[in-house]
$ cat model_5.pdb   # PDB, C-alpha atoms, pLDDT in the B column
ATOM      1  CA  MET A1026     -65.029  17.570 -12.882  1.00 75.00           C
ATOM      2  CA  SER A1027     -67.057  20.749 -12.976  1.00 85.00           C
ATOM      3  CA  PRO A1028     -70.848  20.645 -12.602  1.00 87.00           C
ATOM      4  CA  THR A1029     -71.258  21.699 -16.237  1.00 83.00           C
ATOM      5  CA  HIS A1030     -69.171  18.813 -17.513  1.00 84.00           C
ATOM      6  CA  PHE A1031     -70.975  16.418 -15.199  1.00 89.00           C
ATOM      7  CA  THR A1032     -74.357  17.609 -16.478  1.00 89.00           C
ATOM      8  CA  PHE A1033     -73.492  17.089 -20.124  1.00 87.00           C
ATOM      9  CA  SER A1034     -71.853  13.732 -19.556  1.00 90.00           C
ATOM     10  CA  ALA A1035     -74.832  12.610 -17.467  1.00 92.00           C
ATOM     11  CA  ALA A1036     -77.241  13.741 -20.199  1.00 91.00           C
ATOM     12  CA  PHE A1037     -75.258  11.808 -22.790  1.00 92.00           C
ATOM     13  CA  LEU A1038     -75.168   8.698 -20.607  1.00 93.00           C
ATOM     14  CA  LEU A1039     -78.908   8.940 -19.911  1.00 92.00           C
ATOM     15  CA  GLY A1040     -79.559   9.053 -23.641  1.00 91.00           C
ATOM     16  CA  LEU A1041     -77.262   6.072 -24.132  1.00 92.00           C
ATOM     17  CA  THR A1042     -78.963   4.036 -21.413  1.00 93.00           C
ATOM     18  CA  GLY A1043     -82.353   4.940 -22.840  1.00 91.00           C
ATOM     19  CA  LEU A1044     -81.190   3.740 -26.227  1.00 88.00           C
ATOM     20  CA  THR A1045     -79.832   0.549 -24.692  1.00 90.00           C
ATOM     21  CA  PHE A1046     -82.679  -0.466 -22.405  1.00 88.00           C
ATOM     22  CA  HIS A1047     -85.874   1.001 -23.916  1.00 79.00           C
ATOM     23  CA  ARG A1048     -85.839  -0.443 -27.398  1.00 77.00           C
ATOM     24  CA  THR A1049     -89.517  -1.156 -27.890  1.00 84.00           C
ATOM     25  CA  HIS A1050     -90.348   1.577 -30.408  1.00 86.00           C
ATOM     26  CA  LEU A1051     -88.274   3.044 -33.193  1.00 86.00           C
ATOM     27  CA  LEU A1052     -89.438   6.533 -32.222  1.00 87.00           C
ATOM     28  CA  SER A1053     -88.055   6.186 -28.685  1.00 89.00           C
ATOM     29  CA  ALA A1054     -84.716   5.044 -30.099  1.00 89.00           C
ATOM     30  CA  LEU A1055     -84.642   8.082 -32.383  1.00 90.00           C
ATOM     31  CA  LEU A1056     -85.456  10.395 -29.474  1.00 91.00           C
ATOM     32  CA  CYS A1057     -82.615   8.931 -27.420  1.00 91.00           C
ATOM     33  CA  LEU A1058     -80.242   9.474 -30.347  1.00 91.00           C
ATOM     34  CA  GLU A1059     -81.367  13.087 -30.622  1.00 92.00           C
ATOM     35  CA  ALA A1060     -80.855  13.621 -26.890  1.00 91.00           C
ATOM     36  CA  MET A1061     -77.326  12.287 -27.218  1.00 93.00           C
ATOM     37  CA  MET A1062     -76.618  14.572 -30.179  1.00 93.00           C
ATOM     38  CA  LEU A1063     -78.061  17.581 -28.337  1.00 92.00           C
ATOM     39  CA  SER A1064     -75.867  16.980 -25.308  1.00 93.00           C
ATOM     40  CA  LEU A1065     -72.837  16.581 -27.587  1.00 92.00           C
ATOM     41  CA  PHE A1066     -73.716  19.824 -29.377  1.00 92.00           C
ATOM     42  CA  LEU A1067     -74.058  21.778 -26.139  1.00 91.00           C
ATOM     43  CA  ALA A1068     -70.856  20.329 -24.701  1.00 90.00           C
ATOM     44  CA  LEU A1069     -68.925  21.081 -27.884  1.00 89.00           C
ATOM     45  CA  SER A1070     -70.308  24.620 -27.962  1.00 89.00           C
ATOM     46  CA  LEU A1071     -69.270  25.297 -24.374  1.00 88.00           C
ATOM     47  CA  TRP A1072     -65.873  23.726 -24.998  1.00 87.00           C
ATOM     48  CA  THR A1073     -65.367  26.042 -27.977  1.00 87.00           C
ATOM     49  CA  LEU A1074     -66.341  29.047 -25.858  1.00 86.00           C
ATOM     50  CA  GLU A1075     -63.948  28.031 -23.091  1.00 86.00           C
ATOM     51  CA  LEU A1076     -61.013  27.663 -25.482  1.00 84.00           C
ATOM     52  CA  ASN A1077     -61.564  31.008 -27.244  1.00 83.00           C
ATOM     53  CA  SER A1078     -59.987  29.605 -30.378  1.00 77.00           C
ATOM     54  CA  THR A1079     -61.240  30.589 -33.801  1.00 78.00           C
ATOM     55  CA  SER A1080     -60.152  27.336 -35.435  1.00 79.00           C
ATOM     56  CA  SER A1081     -62.845  25.215 -33.737  1.00 79.00           C
ATOM     57  CA  THR A1082     -65.802  27.588 -33.861  1.00 83.00           C
ATOM     58  CA  ALA A1083     -67.399  25.873 -36.863  1.00 86.00           C
ATOM     59  CA  SER A1084     -67.380  22.378 -35.352  1.00 88.00           C
ATOM     60  CA  PRO A1085     -70.632  22.775 -33.328  1.00 88.00           C
ATOM     61  CA  MET A1086     -72.422  23.909 -36.487  1.00 90.00           C
ATOM     62  CA  PHE A1087     -71.096  20.904 -38.410  1.00 92.00           C
ATOM     63  CA  LEU A1088     -72.295  18.611 -35.636  1.00 91.00           C
ATOM     64  CA  LEU A1089     -75.701  20.281 -35.702  1.00 90.00           C
ATOM     65  CA  ALA A1090     -75.915  19.866 -39.486  1.00 93.00           C
ATOM     66  CA  PHE A1091     -75.035  16.166 -39.229  1.00 93.00           C
ATOM     67  CA  SER A1092     -77.562  15.794 -36.438  1.00 92.00           C
ATOM     68  CA  ALA A1093     -80.289  17.303 -38.618  1.00 92.00           C
ATOM     69  CA  CYS A1094     -79.375  14.919 -41.441  1.00 94.00           C
ATOM     70  CA  GLU A1095     -79.481  11.993 -39.027  1.00 91.00           C
ATOM     71  CA  ALA A1096     -82.880  13.065 -37.733  1.00 91.00           C
ATOM     72  CA  SER A1097     -84.354  13.402 -41.213  1.00 94.00           C
ATOM     73  CA  ALA A1098     -83.015   9.985 -42.253  1.00 94.00           C
ATOM     74  CA  GLY A1099     -84.393   8.457 -39.052  1.00 91.00           C
ATOM     75  CA  LEU A1100     -87.825   9.962 -39.578  1.00 92.00           C
ATOM     76  CA  ALA A1101     -87.854   8.772 -43.191  1.00 94.00           C
ATOM     77  CA  LEU A1102     -87.049   5.253 -41.993  1.00 89.00           C
ATOM     78  CA  LEU A1103     -89.754   5.543 -39.345  1.00 89.00           C
ATOM     79  CA  VAL A1104     -92.375   6.508 -41.927  1.00 92.00           C
ATOM     80  CA  ALA A1105     -91.262   3.772 -44.325  1.00 89.00           C
ATOM     81  CA  THR A1106     -91.332   1.181 -41.548  1.00 86.00           C
ATOM     82  CA  ALA A1107     -94.749   2.290 -40.338  1.00 87.00           C
ATOM     83  CA  ARG A1108     -96.119   2.066 -43.874  1.00 89.00           C
ATOM     84  CA  THR A1109     -94.735  -1.362 -44.667  1.00 85.00           C
ATOM     85  CA  HIS A1110     -95.091  -3.101 -41.291  1.00 83.00           C
ATOM     86  CA  GLY A1111     -97.961  -1.112 -39.804  1.00 83.00           C
ATOM     87  CA  THR A1112     -96.132  -0.384 -36.549  1.00 82.00           C
ATOM     88  CA  ASP A1113     -92.851   0.968 -35.260  1.00 81.00           C
ATOM     89  CA  HIS A1114     -92.181  -1.831 -32.773  1.00 81.00           C
ATOM     90  CA  LEU A1115     -88.594  -2.941 -33.081  1.00 76.00           C
ATOM     91  CA  GLN A1116     -89.470  -6.512 -32.114  1.00 75.00           C
ATOM     92  CA  ASN A1117     -91.597  -6.929 -35.241  1.00 73.00           C
ATOM     93  CA  LEU A1118     -88.752  -5.907 -37.525  1.00 70.00           C
ATOM     94  CA  ASN A1119     -86.758  -8.796 -38.902  1.00 68.00           C
ATOM     95  CA  LEU A1120     -83.909  -7.995 -41.245  1.00 61.00           C
ATOM     96  CA  LEU A1121     -83.898 -11.529 -42.637  1.00 60.00           C
ATOM     97  CA  GLN A1122     -87.423 -11.171 -44.018  1.00 61.00           C
ATOM     98  CA  CYS A1123     -88.196  -8.796 -46.845  1.00 54.00           C
TER      99      CYS A1123
END
$ encode --input "model_5.pdb" --output "structure tokens"
Amino acid sequence: MSPTHFTFSAAFLLGLTGLTFHRTHLLSALLCLEAMMLSLFLALSLWTLELNSTSSTASPMFLLAFSACEASAGLALLVATARTHGTDHLQNLNLLQC
């Protein structure tokens, strides 16, 4: 495994472990998701450059567009949660109560 591949896989795994173990705030979960998407975007961009194929050059831009949509939906949920519950603590959120 090259150092570049190791760096991107380590960044993705760090984002995944942050999402798994530090689930106190919704904002920290969203930041871990964005770190994972950023590492995927950079890895996919470098993979496209290494292949020199024109058929997969649009895939990093599609991933970036989906990442932006995911971030905007996450921030909208964060604002809605903060308005209704008063905090973004994930322990205070109960899906069984409305």
$ closest_residue --input "model_5.pdb" --among "A:Met1026, A:Leu1051, A:Ala1090, A:Leu1067" --to "Leu1103 of chain A" --atoms "all atoms listed in the file"
A:Leu1051
$ resolve_selection --input "model_5.pdb" --expression "the PyMOL selection byres ((chain A and resi 1108-1114) around 6)" --output "PDB file with C-alpha atoms, in the coordinates of the input"
ATOM      1  CA  THR A1049     -89.517  -1.156 -27.890  1.00 84.00           C
ATOM      2  CA  HIS A1050     -90.348   1.577 -30.408  1.00 86.00           C
ATOM      3  CA  LEU A1051     -88.274   3.044 -33.193  1.00 86.00           C
ATOM      4  CA  ALA A1105     -91.262   3.772 -44.325  1.00 89.00           C
ATOM      5  CA  THR A1106     -91.332   1.181 -41.548  1.00 86.00           C
ATOM      6  CA  ALA A1107     -94.749   2.290 -40.338  1.00 87.00           C
ATOM      7  CA  LEU A1115     -88.594  -2.941 -33.081  1.00 76.00           C
ATOM      8  CA  GLN A1116     -89.470  -6.512 -32.114  1.00 75.00           C
ATOM      9  CA  ASN A1117     -91.597  -6.929 -35.241  1.00 73.00           C
TER      10      ASN A1117
END
$ atom_distance --input "model_5.pdb" --atom1 "atom CA of Thr1032 of chain A" --atom2 "atom CA of Leu1071 of chain A"
12.1 Å
$ resolve_selection --input "model_5.pdb" --expression "the PyMOL selection byres ((chain A and resi 1043) around 10)" --output "list in words"
Phe1037, Leu1038, Leu1039, Gly1040, Leu1041, Thr1042, Leu1044, Thr1045, Phe1046, His1047, Arg1048, Ser1053, Ala1054, Leu1056, Cys1057, Leu1058, Ala1060 and Met1061 of chain A
$ residues_around --input "model_5.pdb" --residues "Gly1099 of chain A" --least-positions-apart "3" --cutoff "9 Å" --atoms "all atoms listed in the file" --output "PyMOL selection string"
chain A and resi 1051-1052+1055+1094-1096+1102-1104
$ resolve_selection --input "model_5.pdb" --expression "the PyMOL selection byres ((chain A and resi 1065) around 10)" --output "ChimeraX atom specification"
/A:1033-1034,1036-1037,1059-1064,1066-1071,1085,1088-1089
$ axis_aligned_box --input "model_5.pdb" --around "segment 1076-1092 of chain A" --padding-each-side "5 Å" --output "lines of an AutoDock Vina configuration file"
center_x = -68.8
center_y = 23.4
center_z = -32.5
size_x = 27.6
size_y = 25.2
size_z = 24.0
$ atom_distance --input "model_5.pdb" --atom1 "atom CA of Ser1092 of chain A" --atom2 "atom CA of Thr1029 of chain A"
22.0 Å
$ atom_distance --input "model_5.pdb" --atom1 "atom CA of Phe1091 of chain A" --atom2 "atom CA of Glu1075 of chain A"
22.9 Å
$ decode --input "model_5.pdb" --residues "segment 1075-1090 of chain A" --atoms "all heavy atoms" --output "PDB file, in the first residue's frame"
ATOM      1  N   GLU A1075      -4.838   8.832 -11.587  1.00  0.00           N
ATOM      2  CA  GLU A1075      -3.912   7.715 -11.832  1.00  0.00           C
ATOM      3  C   GLU A1075      -4.342   6.864 -13.020  1.00  0.00           C
ATOM      4  O   GLU A1075      -3.514   6.346 -13.754  1.00  0.00           O
ATOM      5  CB  GLU A1075      -3.817   6.840 -10.587  1.00  0.00           C
ATOM      6  CG  GLU A1075      -3.001   7.441  -9.471  1.00  0.00           C
ATOM      7  CD  GLU A1075      -3.007   6.573  -8.235  1.00  0.00           C
ATOM      8  OE1 GLU A1075      -3.599   5.477  -8.275  1.00  0.00           O
ATOM      9  OE2 GLU A1075      -2.427   6.996  -7.232  1.00  0.00           O
ATOM     10  N   LEU A1076      -5.648   6.721 -13.214  1.00  0.00           N
ATOM     11  CA  LEU A1076      -6.140   5.873 -14.303  1.00  0.00           C
ATOM     12  C   LEU A1076      -6.043   6.535 -15.673  1.00  0.00           C
ATOM     13  O   LEU A1076      -5.961   5.851 -16.686  1.00  0.00           O
ATOM     14  CB  LEU A1076      -7.591   5.479 -14.052  1.00  0.00           C
ATOM     15  CG  LEU A1076      -7.836   4.424 -12.991  1.00  0.00           C
ATOM     16  CD1 LEU A1076      -9.311   4.130 -12.897  1.00  0.00           C
ATOM     17  CD2 LEU A1076      -7.073   3.163 -13.287  1.00  0.00           C
ATOM     18  N   ASN A1077      -6.097   7.854 -15.707  1.00  0.00           N
ATOM     19  CA  ASN A1077      -6.087   8.623 -16.954  1.00  0.00           C
ATOM     20  C   ASN A1077      -7.215   8.208 -17.896  1.00  0.00           C
ATOM     21  O   ASN A1077      -7.062   8.172 -19.102  1.00  0.00           O
ATOM     22  CB  ASN A1077      -4.747   8.493 -17.688  1.00  0.00           C
ATOM     23  CG  ASN A1077      -3.666   9.285 -17.007  1.00  0.00           C
ATOM     24  OD1 ASN A1077      -3.944  10.289 -16.361  1.00  0.00           O
ATOM     25  ND2 ASN A1077      -2.437   8.829 -17.140  1.00  0.00           N
ATOM     26  N   SER A1078      -8.342   7.865 -17.333  1.00  0.00           N
ATOM     27  CA  SER A1078      -9.484   7.503 -18.170  1.00  0.00           C
ATOM     28  C   SER A1078     -10.492   8.648 -18.163  1.00  0.00           C
ATOM     29  O   SER A1078     -10.719   9.288 -17.134  1.00  0.00           O
ATOM     30  CB  SER A1078     -10.154   6.230 -17.674  1.00  0.00           C
ATOM     31  OG  SER A1078     -10.819   6.475 -16.461  1.00  0.00           O
ATOM     32  N   THR A1079     -11.079   8.900 -19.308  1.00  0.00           N
ATOM     33  CA  THR A1079     -12.033   9.997 -19.409  1.00  0.00           C
ATOM     34  C   THR A1079     -13.432   9.579 -18.977  1.00  0.00           C
ATOM     35  O   THR A1079     -14.287  10.432 -18.768  1.00  0.00           O
ATOM     36  CB  THR A1079     -12.099  10.506 -20.863  1.00  0.00           C
ATOM     37  OG1 THR A1079     -12.469   9.412 -21.711  1.00  0.00           O
ATOM     38  CG2 THR A1079     -10.766  11.074 -21.290  1.00  0.00           C
ATOM     39  N   SER A1080     -13.667   8.282 -18.834  1.00  0.00           N
ATOM     40  CA  SER A1080     -15.011   7.834 -18.468  1.00  0.00           C
ATOM     41  C   SER A1080     -15.328   8.077 -16.996  1.00  0.00           C
ATOM     42  O   SER A1080     -16.490   8.183 -16.625  1.00  0.00           O
ATOM     43  CB  SER A1080     -15.177   6.355 -18.793  1.00  0.00           C
ATOM     44  OG  SER A1080     -14.274   5.598 -18.023  1.00  0.00           O
ATOM     45  N   SER A1081     -14.327   8.161 -16.128  1.00  0.00           N
ATOM     46  CA  SER A1081     -14.583   8.331 -14.700  1.00  0.00           C
ATOM     47  C   SER A1081     -14.164   9.704 -14.171  1.00  0.00           C
ATOM     48  O   SER A1081     -13.976   9.862 -12.974  1.00  0.00           O
ATOM     49  CB  SER A1081     -13.859   7.235 -13.919  1.00  0.00           C
ATOM     50  OG  SER A1081     -12.472   7.341 -14.129  1.00  0.00           O
ATOM     51  N   THR A1082     -14.026  10.676 -15.048  1.00  0.00           N
ATOM     52  CA  THR A1082     -13.598  11.992 -14.573  1.00  0.00           C
ATOM     53  C   THR A1082     -14.714  12.769 -13.900  1.00  0.00           C
ATOM     54  O   THR A1082     -14.442  13.661 -13.099  1.00  0.00           O
ATOM     55  CB  THR A1082     -13.049  12.837 -15.735  1.00  0.00           C
ATOM     56  OG1 THR A1082     -14.032  12.900 -16.762  1.00  0.00           O
ATOM     57  CG2 THR A1082     -11.757  12.252 -16.274  1.00  0.00           C
ATOM     58  N   ALA A1083     -15.971  12.441 -14.180  1.00  0.00           N
ATOM     59  CA  ALA A1083     -17.079  13.174 -13.579  1.00  0.00           C
ATOM     60  C   ALA A1083     -17.473  12.620 -12.215  1.00  0.00           C
ATOM     61  O   ALA A1083     -18.200  13.279 -11.469  1.00  0.00           O
ATOM     62  CB  ALA A1083     -18.284  13.146 -14.505  1.00  0.00           C
ATOM     63  N   SER A1084     -17.005  11.453 -11.856  1.00  0.00           N
ATOM     64  CA  SER A1084     -17.432  10.833 -10.596  1.00  0.00           C
ATOM     65  C   SER A1084     -16.993  11.611  -9.350  1.00  0.00           C
ATOM     66  O   SER A1084     -17.773  11.674  -8.390  1.00  0.00           O
ATOM     67  CB  SER A1084     -16.989   9.381 -10.533  1.00  0.00           C
ATOM     68  OG  SER A1084     -15.638   9.243 -10.787  1.00  0.00           O
ATOM     69  N   PRO A1085     -15.808  12.233  -9.281  1.00  0.00           N
ATOM     70  CA  PRO A1085     -15.517  13.047  -8.093  1.00  0.00           C
ATOM     71  C   PRO A1085     -16.444  14.255  -7.954  1.00  0.00           C
ATOM     72  O   PRO A1085     -16.810  14.624  -6.840  1.00  0.00           O
ATOM     73  CB  PRO A1085     -14.071  13.499  -8.294  1.00  0.00           C
ATOM     74  CG  PRO A1085     -13.477  12.524  -9.207  1.00  0.00           C
ATOM     75  CD  PRO A1085     -14.585  12.075 -10.100  1.00  0.00           C
ATOM     76  N   MET A1086     -16.855  14.823  -9.084  1.00  0.00           N
ATOM     77  CA  MET A1086     -17.771  15.972  -9.006  1.00  0.00           C
ATOM     78  C   MET A1086     -19.164  15.541  -8.550  1.00  0.00           C
ATOM     79  O   MET A1086     -19.835  16.266  -7.813  1.00  0.00           O
ATOM     80  CB  MET A1086     -17.841  16.677 -10.359  1.00  0.00           C
ATOM     81  CG  MET A1086     -16.530  17.309 -10.765  1.00  0.00           C
ATOM     82  SD  MET A1086     -15.829  18.389  -9.502  1.00  0.00           S
ATOM     83  CE  MET A1086     -16.956  19.730  -9.568  1.00  0.00           C
ATOM     84  N   PHE A1087     -19.599  14.353  -8.972  1.00  0.00           N
ATOM     85  CA  PHE A1087     -20.880  13.838  -8.494  1.00  0.00           C
ATOM     86  C   PHE A1087     -20.829  13.570  -6.994  1.00  0.00           C
ATOM     87  O   PHE A1087     -21.774  13.874  -6.263  1.00  0.00           O
ATOM     88  CB  PHE A1087     -21.269  12.561  -9.239  1.00  0.00           C
ATOM     89  CG  PHE A1087     -21.746  12.799 -10.637  1.00  0.00           C
ATOM     90  CD1 PHE A1087     -21.267  12.014 -11.668  1.00  0.00           C
ATOM     91  CD2 PHE A1087     -22.663  13.789 -10.934  1.00  0.00           C
ATOM     92  CE1 PHE A1087     -21.693  12.218 -12.962  1.00  0.00           C
ATOM     93  CE2 PHE A1087     -23.097  14.008 -12.223  1.00  0.00           C
ATOM     94  CZ  PHE A1087     -22.619  13.220 -13.242  1.00  0.00           C
ATOM     95  N   LEU A1088     -19.725  13.006  -6.530  1.00  0.00           N
ATOM     96  CA  LEU A1088     -19.567  12.756  -5.103  1.00  0.00           C
ATOM     97  C   LEU A1088     -19.546  14.061  -4.317  1.00  0.00           C
ATOM     98  O   LEU A1088     -20.149  14.144  -3.238  1.00  0.00           O
ATOM     99  CB  LEU A1088     -18.290  11.965  -4.840  1.00  0.00           C
ATOM    100  CG  LEU A1088     -18.046  11.582  -3.387  1.00  0.00           C
ATOM    101  CD1 LEU A1088     -19.016  10.511  -2.952  1.00  0.00           C
ATOM    102  CD2 LEU A1088     -16.627  11.122  -3.202  1.00  0.00           C
ATOM    103  N   LEU A1089     -18.910  15.073  -4.856  1.00  0.00           N
ATOM    104  CA  LEU A1089     -18.876  16.374  -4.194  1.00  0.00           C
ATOM    105  C   LEU A1089     -20.253  17.013  -4.161  1.00  0.00           C
ATOM    106  O   LEU A1089     -20.638  17.630  -3.156  1.00  0.00           O
ATOM    107  CB  LEU A1089     -17.873  17.285  -4.902  1.00  0.00           C
ATOM    108  CG  LEU A1089     -17.447  18.546  -4.175  1.00  0.00           C
ATOM    109  CD1 LEU A1089     -16.755  18.190  -2.879  1.00  0.00           C
ATOM    110  CD2 LEU A1089     -16.552  19.369  -5.052  1.00  0.00           C
ATOM    111  N   ALA A1090     -21.031  16.847  -5.230  1.00  0.00           N
ATOM    112  CA  ALA A1090     -22.397  17.390  -5.247  1.00  0.00           C
ATOM    113  C   ALA A1090     -23.280  16.670  -4.221  1.00  0.00           C
ATOM    114  O   ALA A1090     -24.054  17.312  -3.498  1.00  0.00           O
ATOM    115  CB  ALA A1090     -22.989  17.255  -6.641  1.00  0.00           C
TER     116      ALA A1090
END
